[in-house]
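Comments concern the structure below.
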Amino acid sequence: MPLEIRNLTKQYNKHKTGLSDYSITIERGILGLLGPNGAGKSTLMKIIATISKPTNGTLFLDGQDIVSNPDYIRKMLGYLPQDFGVYPNLNAYEFLAYVAALKGVGGAGLTKRIDMLLDGVNLTADAKRPIGSYSGGMKQRIGIAQALLNDPKVLIFDEPTVGLDPEERVRFRQLISDMATDCIIILSSHIVSDIETIADEVAVMQGGNLLQKGTKTDIIKLIDGRVFETLIDNSDLTALKARHLVIDTSRQKELTKVRYIIRDGIPEPSSAAINATLEDAYLFLTHNKA
Amino acid sequence: MKYIYSMVKADYLQRTRSYSFLITLAITIYAAYSFVPPPTASYTTLNVVGYKGIYNSAWVGHVSAMMTTIMLSLYGFFLVNSGIKKDIDTEVGLIIATTPISNFTYLLSKMLSNFQVLLTITGITFVMSIVMFFIRAGGAPFILTNFVLPYLFFSLPALLTISALAVAGEVFLGRRQILQYVLFFFLFGSIMANVVGHSANTLTTFIDPFGVNAMTNSVKDQVNTQYHEHIESVNLGFTFSAKNRFKTFVWDGIEWKGIFLLSRLVWVCFAFAIVYFSSFFFHRFDFRQPASKKKKQMTITGSSGAMVFAKGINITLLPPVITDYGIFPFIKTELLLLIRKGPKWFWLINGGAWISTLFAPLAVAHAYILPVLLFLQVTRFSDIATKETANRLHYFTWSSYKPLQRMLPSQMLAGVILALGLASPVMLRYAVSGDFYTVLNLVNGAVFIVLLAVAMGILSGGKKLFEISFFFVTYCIIEKLPVADYLGSMPHYSHTGYVFIISLLNLLFAAVSFGVRSYQVRHL
């Protein structure tokens with residue numbers, strides 16, 4: 001069930017464009033969206049989640065136009081927005097029952113489903129407390145549980161790991177990896193390592209445009225043989241920045257260890273070639289475009 | 001202290017850049033227009049029983065200033081009493097708390113920002129009063145001081161006091177908004193009761209923040225002198241009457257006596273003193289929790305903080321999804337949210353008022369207790385259609401399956417169930433006495449107030465517009481103004497006509513709610 005997005009444009013006003021003639025086909029599996037702030041990731045996710053309507057373009061899921069028929073995707077959608085809110089006076093159980101009603105999920109098995117989801121995100125002990133008293137991480141886990149209530153076939157997670165501690169992040173990654181076999185999962189994050197670990201495909205966005213889409217290997221290949229590391233005098237750093245794209249620096253007394261990508265030309269003397277990462281490729285793509 | 005201008009300016013801009021403020025301004029313009037009615041109008045804004053002033057600079061300037069002062073003092077409190085709350089909600093308060101700004105300076109900036117908002121509205125009524133003078137006064141000479149001085153001496157001290165009271169309300173009663181509203185309601189009512197219609201003396205001059213006592217006595221004295229009358233009663237506010245033949249008199253304005261001006265100065269000083277006093281009790285965004293709660297939280301952190309996702313979720317083991325697009329779960333949740341809104345102890349007050357409607361004389365229960373009981377739910381009703389955006393849940397609710405057909409009707413129904421539940425003793429008593437016309441009016445009235453809350457919430461995107469309107473409506477009902485009688489407690493010219501008008505308004509509010517929400521859902 002591919003999700004086909006063709007020539008999508010979202011124009012907020014005369015000066016602000018969220019997405020510009022954006023086309024992508026999303027297949028079953030995990031698609032990681034990478035891009036700086038304002039790249040259009042949240043706009044794209046909101047349009048797919050039917051919250052926002054595009055100015056132009058089409059979105060088809062299973063051949064169904066979800067712009068004109070949003071209820072088609074809504075029945076099979078799990079969505080965790082970046083700016084996730086709750087009703088603070090409800091407890092976790094009541095809140096999930098409410099979201100279940102929103103999604104049209106009911107019947108005899110609902111109570112058990114909610115119990116199991118709460119258990120799965122380890123909130124059973126706190127299920128009777130008002131959500132208003134929860135920590136940020138606990139709220140985020142409630143958000144993850146609600147996204148799974150309706151056995152979704154399309155899952156959209158906008159910055160899902162914000163507020164989760166390292167162990168929670170690992171568990172979350174395992175969870176969505178398990179689900180990816182029979183759903184479309186779209187995930188955005190500023191944490192490149194999260195995307196690198198779990199995404200089957202990566203889409204790099206900037207300024208409302210798609211810069212590159214492919215597997216991690218495909219994207220890393222773009223800078224194969226162009227990433228180097230060297231040790232230079234602190235005073236030479238500015239000059240080096242002018243010639244190459246500096247990815248990382250670490251000071252070692254009077255010297256600085258620099259990781260950089262060559263734009264054109266040749267590497268600095270006494271540089272060593274190193275393996276490129278997705279983060280290197282992402283920075284290269286977004287900085288080259290800028 | 002030198003940064004206070006920037007703080008006041010930022011706060012003022014933040015508050016005024018909203019649709020609800022624009023709506024307030026539009027209503028203000030209409031109100032200012034209505035302060036100077038045409039001679040054929042079925043109402044007056046100031047009359048001494050049977051006598052009405054000729055429209056000259058003094059009359060138009062003073063009456064406009066006085067009406068602005070009273071009206072704006074009444075709803076201005078509701079309009080501005082969330083300045084600190086906003087800083088709590090947005091968590092800007094946490095940043096403010098870490099800066100060197102003193103409590104007094106912060107609260108002073110809030111008071112001045114409140115005052116600036118009220119002053120903006122006053123400025124509009126001031127301009128409108130001059131416009132209305134040229135429309136209505138029929139060539140009478142224009143004297144600017146007859147407009148400037150009343151606004152200066154009536155409105156400014158009163159509005160500064162209201163601005164300070166709003167700050168004190170937030171400091172001492174924090175988020176207990178409904179309690180602030182109720183206390184202000186009684187404070188305002190008791191001040192008005194002690195100054196309007198009382199003879200002028202030093203005490204009434206000093207306990208009157210609005211200057212209404214000095215003005216009404218001046219007008220009354222003019223009539224008594226000119227017509228050798230001994231009239232004691234003066235009607236101030238929108239007084240509706242079929243009678244439109246009044247004897248006229250010429251009034252040249254108030255004599256600004258030293259003691260009156262001193263009383264204005266005292267009120268200005270009092271406003272600053274309130275803020276200064278409040279600064280000693282300001283929480284500075286440090287919300288300490290009781291020891292028992294702290295202990296509970298510690299335990300919770302210990303039990304669930306470290307071992308998250310311990311078991312994980314095996315999707316294949318979850319029970320199968322059964323589709324159910326009914327609205328009953330929504331109604332249940334909406335009712336839960338309505339009931340849990342506000343402190344629990346407040347239900348004791350609701351319960352007491354509810355029980356009293358069973359035993360109080362039926363006319364009193366219908367005309368006074370029930371409107372007040374319903375008003376006590378103001379924050380619940382105003383929450384019905386605004387809580388999704390306030391809690392940032394509209395991303396889910398508006399993108400759910402058929403939100404307009406399922407969500408919005410559930411919210412309306414839950415509100416109506418609450419309102420009918422509160423009105424049930426009065427309805428039952430009327431039903432027992434066989435008065436089904438009044439039962440119908442009560443049902444219609446319950447629907448009216450809920451739909452008004454929903455429509456205003458959806459239109460303005462906030463709670464204030466409805467809260468202010470509901471306060472006005474309730475105040476007018478207590479003052480026996482038939483135009484505000486949504487519960488049918490006053491006699492009306494035509495039974496059928498009354499039911500028809502309320503039903504028509506209900507339909508209108510419902511149509512507006514569905515229409516605008518439909519647009520919002522499609523244009524998030």
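By order of appearance in the structure tokens: chains A, B, ..., then residues from 1 within every chain, and ligands from 1 in the order shown.
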
Q: Identify all chain B residues at most 7 Å from chain A by counting only C-alpha atoms; ligands do not count. Present them as a ChimeraX atom specification.
A: /B:304,308-313,318-319,321-325,329-330,333,337,340,391-393,395,397,399-401,522-524

For Met407 of chain B, find every residue with an atom within 9 Å (counting only C-alpha atoms), except residues of its own chain fewer than 2 positions away, and show them as a PDB file with N, CA and C atoms, in the first residue's frame.
ATOM      1  N   LEU A 102     -12.346   8.663  19.545  1.00  0.00           N
ATOM      2  CA  LEU A 102     -12.033   9.537  18.403  1.00  0.00           C
ATOM      3  C   LEU A 102     -11.712   8.701  17.165  1.00  0.00           C
TER       4      LEU A 102
ATOM      5  N   ILE B 327     -21.224   8.001  19.630  1.00  0.00           N
ATOM      6  CA  ILE B 327     -20.761   9.219  20.323  1.00  0.00           C
ATOM      7  C   ILE B 327     -20.887   9.094  21.846  1.00  0.00           C
ATOM      8  N   PHE B 330     -17.753   9.803  23.874  1.00  0.00           N
ATOM      9  CA  PHE B 330     -17.415  11.233  23.880  1.00  0.00           C
ATOM     10  C   PHE B 330     -18.211  11.974  24.944  1.00  0.00           C
ATOM     11  N   ILE B 331     -19.524  11.684  24.944  1.00  0.00           N
ATOM     12  CA  ILE B 331     -20.390  12.396  25.899  1.00  0.00           C
ATOM     13  C   ILE B 331     -19.910  12.096  27.321  1.00  0.00           C
ATOM     14  N   THR B 397      -8.211  15.668  17.724  1.00  0.00           N
ATOM     15  CA  THR B 397      -9.672  15.713  17.655  1.00  0.00           C
ATOM     16  C   THR B 397     -10.154  16.182  16.282  1.00  0.00           C
ATOM     17  N   TRP B 398      -9.478  17.164  15.731  1.00  0.00           N
ATOM     18  CA  TRP B 398      -9.939  17.698  14.452  1.00  0.00           C
ATOM     19  C   TRP B 398      -9.565  16.811  13.270  1.00  0.00           C
ATOM     20  N   SER B 400      -9.791  13.515  13.611  1.00  0.00           N
ATOM     21  CA  SER B 400     -10.401  12.211  13.879  1.00  0.00           C
ATOM     22  C   SER B 400     -11.508  11.946  12.853  1.00  0.00           C
ATOM     23  N   LYS B 402     -14.838  11.991  11.261  1.00  0.00           N
ATOM     24  CA  LYS B 402     -16.028  12.831  11.297  1.00  0.00           C
ATOM     25  C   LYS B 402     -16.150  13.663  12.588  1.00  0.00           C
ATOM     26  N   PRO B 403     -15.207  14.562  12.812  1.00  0.00           N
ATOM     27  CA  PRO B 403     -15.242  15.340  14.069  1.00  0.00           C
ATOM     28  C   PRO B 403     -16.485  16.209  14.216  1.00  0.00           C
ATOM     29  N   LEU B 404     -16.973  16.711  13.089  1.00  0.00           N
ATOM     30  CA  LEU B 404     -18.132  17.612  13.183  1.00  0.00           C
ATOM     31  C   LEU B 404     -19.408  16.866  13.570  1.00  0.00           C
ATOM     32  N   GLN B 405     -19.521  15.668  13.064  1.00  0.00           N
ATOM     33  CA  GLN B 405     -20.745  14.904  13.340  1.00  0.00           C
ATOM     34  C   GLN B 405     -20.683  14.219  14.693  1.00  0.00           C
ATOM     35  N   PRO B 409     -21.254  17.708  18.488  1.00  0.00           N
ATOM     36  CA  PRO B 409     -22.543  17.419  19.138  1.00  0.00           C
ATOM     37  C   PRO B 409     -22.368  16.844  20.550  1.00  0.00           C
ATOM     38  N   SER B 410     -21.325  16.028  20.742  1.00  0.00           N
ATOM     39  CA  SER B 410     -21.097  15.458  22.081  1.00  0.00           C
ATOM     40  C   SER B 410     -20.774  16.542  23.088  1.00  0.00           C
ATOM     41  N   GLN B 411     -19.953  17.500  22.655  1.00  0.00           N
ATOM     42  CA  GLN B 411     -19.586  18.589  23.555  1.00  0.00           C
ATOM     43  C   GLN B 411     -20.826  19.399  23.922  1.00  0.00           C
ATOM     44  N   MET B 412     -21.644  19.700  22.911  1.00  0.00           N
ATOM     45  CA  MET B 412     -22.864  20.468  23.171  1.00  0.00           C
ATOM     46  C   MET B 412     -23.796  19.689  24.103  1.00  0.00           C
TER      47      MET B 412
END

Q | Spatial neighbours of Trp251 of chain B, max dist 8 Å, only C-alpha atoms, sep filter under 5 positions, as a VMD selection string | A | chain B and resid 53 to 54 58 to 59 219 222

Write the residues of the selection above to a file with N, CA and C atoms, as a PDB file, in the first residue's frame.
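Contents of result.pdb, as written:
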ATOM      1  N   GLY B  53     -32.100  64.669  30.268  1.00  0.00           N
ATOM      2  CA  GLY B  53     -31.278  65.831  29.930  1.00  0.00           C
ATOM      3  C   GLY B  53     -31.266  66.101  28.438  1.00  0.00           C
ATOM      4  N   ILE B  54     -31.175  67.370  28.103  1.00  0.00           N
ATOM      5  CA  ILE B  54     -31.018  67.754  26.685  1.00  0.00           C
ATOM      6  C   ILE B  54     -29.589  67.418  26.262  1.00  0.00           C
ATOM      7  N   ALA B  58     -22.022  68.710  27.772  1.00  0.00           N
ATOM      8  CA  ALA B  58     -21.888  68.200  29.138  1.00  0.00           C
ATOM      9  C   ALA B  58     -22.615  66.863  29.282  1.00  0.00           C
ATOM     10  N   TRP B  59     -23.837  66.810  28.767  1.00  0.00           N
ATOM     11  CA  TRP B  59     -24.637  65.585  28.919  1.00  0.00           C
ATOM     12  C   TRP B  59     -23.976  64.408  28.183  1.00  0.00           C
ATOM     13  N   VAL B 219     -27.042  65.603  38.737  1.00  0.00           N
ATOM     14  CA  VAL B 219     -28.154  65.584  37.778  1.00  0.00           C
ATOM     15  C   VAL B 219     -29.482  65.727  38.517  1.00  0.00           C
ATOM     16  N   GLN B 222     -30.158  69.195  39.784  1.00  0.00           N
ATOM     17  CA  GLN B 222     -30.547  70.101  38.704  1.00  0.00           C
ATOM     18  C   GLN B 222     -32.054  69.999  38.415  1.00  0.00           C
TER      19      GLN B 222
END

Non-local contacts of segment 427-432 of chain B (9 Å; only C-alpha atoms; under 5 positions in same chain excluded) as a short mmCIF file (atom, residue, chain, number, x, y, z; two decimals) with C-alpha atoms, in the first residue's frame:
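Result saved to out-v9.cif:
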data_model
loop_
_atom_site.label_atom_id
_atom_site.label_comp_id
_atom_site.auth_asym_id
_atom_site.auth_seq_id
_atom_site.Cartn_x
_atom_site.Cartn_y
_atom_site.Cartn_z
CA LEU B 358 -35.67 22.81 45.68
CA LEU B 362 -40.06 29.07 43.18
CA LEU B 420 -30.35 20.76 32.65
CA TYR B 437 -44.48 26.64 29.23
CA THR B 438 -41.86 27.60 31.83
CA VAL B 439 -40.36 24.10 31.70
CA LEU B 440 -39.92 24.60 27.95
CA LEU B 442 -35.88 26.44 31.03
CA VAL B 443 -34.89 23.73 28.55
#

**Q.** Distance query segment 28-33 of chain B at most 9 Å, only C-alpha atoms, self and fewer than 3 positions along chain excluded, as a list in words
**A.** Ile23, Thr24, Leu25, Val36, Pro37, Ser64, Met67, Thr68, Ile121, Thr122, Ile124, Thr125, Phe126, Met128, Ser129, Val131 and Met132 of chain B

Got a sec: who's within 6 Å of segment 254-269 of chain A, counting only C-alpha atoms, leaving out chain neighbours fewer than 5 positions off, as a PDB file with C-alpha atoms, in the first residue's frame?
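Listed below is the output, around_19.pdb:
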ATOM      1  CA  ARG A 226      35.197  12.958   0.895  1.00  0.00           C
ATOM      2  CA  VAL A 227      35.295  12.811   4.687  1.00  0.00           C
ATOM      3  CA  PHE A 228      38.622  13.420   6.395  1.00  0.00           C
ATOM      4  CA  GLU A 229      40.109  14.060   9.777  1.00  0.00           C
ATOM      5  CA  THR A 230      43.187  16.136  10.583  1.00  0.00           C
ATOM      6  CA  LEU A 231      45.023  17.844  13.419  1.00  0.00           C
ATOM      7  CA  ILE A 232      45.788  21.542  12.835  1.00  0.00           C
ATOM      8  CA  ASP A 233      46.898  24.634  14.747  1.00  0.00           C
ATOM      9  CA  ASN A 234      44.012  26.484  16.358  1.00  0.00           C
ATOM     10  CA  HIS A 244      35.873  22.814   3.474  1.00  0.00           C
ATOM     11  CA  LEU A 245      32.684  21.946   5.310  1.00  0.00           C
ATOM     12  CA  VAL A 246      33.709  21.398   8.912  1.00  0.00           C
ATOM     13  CA  ILE A 247      31.560  18.779  10.618  1.00  0.00           C
ATOM     14  CA  ASP A 248      33.132  18.585  14.039  1.00  0.00           C
ATOM     15  CA  THR A 249      36.023  20.019  16.016  1.00  0.00           C
TER      16      THR A 249
END

Write out as a PDB file with C-alpha atoms, in the first residue's frame which residues come within 12 Å of Met456 of chain B when counting only C-alpha atoms, dropping same-chain ones fewer than 2 positions away.
ATOM      1  CA  TYR B  19      -9.236  38.103  17.491  1.00  0.00           C
ATOM      2  CA  SER B  20     -11.038  38.229  20.818  1.00  0.00           C
ATOM      3  CA  ILE B  23     -14.278  41.458  18.823  1.00  0.00           C
ATOM      4  CA  THR B  24     -14.169  43.338  22.144  1.00  0.00           C
ATOM      5  CA  PHE B 381     -19.160  26.239  29.842  1.00  0.00           C
ATOM      6  CA  SER B 382     -16.420  28.435  28.390  1.00  0.00           C
ATOM      7  CA  ASP B 383     -14.180  25.369  28.271  1.00  0.00           C
ATOM      8  CA  ILE B 384     -16.545  23.252  26.174  1.00  0.00           C
ATOM      9  CA  ALA B 385     -15.338  24.262  22.720  1.00  0.00           C
ATOM     10  CA  THR B 386     -11.992  25.817  23.600  1.00  0.00           C
ATOM     11  CA  PHE B 448     -29.120  28.731  24.831  1.00  0.00           C
ATOM     12  CA  ILE B 449     -26.343  29.300  27.351  1.00  0.00           C
ATOM     13  CA  VAL B 450     -24.419  26.208  26.241  1.00  0.00           C
ATOM     14  CA  LEU B 451     -24.711  27.059  22.545  1.00  0.00           C
ATOM     15  CA  LEU B 452     -23.723  30.656  23.279  1.00  0.00           C
ATOM     16  CA  ALA B 453     -20.601  29.358  25.047  1.00  0.00           C
ATOM     17  CA  VAL B 454     -19.787  27.020  22.172  1.00  0.00           C
ATOM     18  CA  ILE B 458     -15.312  28.722  18.456  1.00  0.00           C
ATOM     19  CA  LEU B 459     -15.591  32.227  17.002  1.00  0.00           C
ATOM     20  CA  SER B 460     -13.110  33.960  19.284  1.00  0.00           C
ATOM     21  CA  GLY B 461     -10.862  30.983  19.958  1.00  0.00           C
ATOM     22  CA  GLY B 462     -10.816  31.915  23.647  1.00  0.00           C
ATOM     23  CA  LYS B 463     -12.911  31.880  26.774  1.00  0.00           C
ATOM     24  CA  LYS B 464     -13.004  35.555  27.682  1.00  0.00           C
ATOM     25  CA  LEU B 465     -15.704  36.668  25.280  1.00  0.00           C
ATOM     26  CA  PHE B 466     -18.218  34.202  26.640  1.00  0.00           C
ATOM     27  CA  GLU B 467     -17.186  34.714  30.264  1.00  0.00           C
ATOM     28  CA  ILE B 468     -17.666  38.471  29.998  1.00  0.00           C
ATOM     29  CA  SER B 469     -20.950  38.089  28.126  1.00  0.00           C
ATOM     30  CA  PHE B 470     -22.290  35.539  30.610  1.00  0.00           C
ATOM     31  CA  LEU B 508     -28.249  30.533  14.897  1.00  0.00           C
ATOM     32  CA  PHE B 509     -25.576  29.684  17.497  1.00  0.00           C
ATOM     33  CA  ALA B 510     -25.593  26.045  16.451  1.00  0.00           C
ATOM     34  CA  VAL B 512     -22.406  29.398  13.496  1.00  0.00           C
ATOM     35  CA  SER B 513     -20.650  26.787  15.638  1.00  0.00           C
ATOM     36  CA  PHE B 514     -20.873  24.063  13.015  1.00  0.00           C
ATOM     37  CA  VAL B 516     -16.945  27.973  11.752  1.00  0.00           C
ATOM     38  CA  ARG B 517     -15.688  24.724  13.283  1.00  0.00           C
TER      39      ARG B 517
END
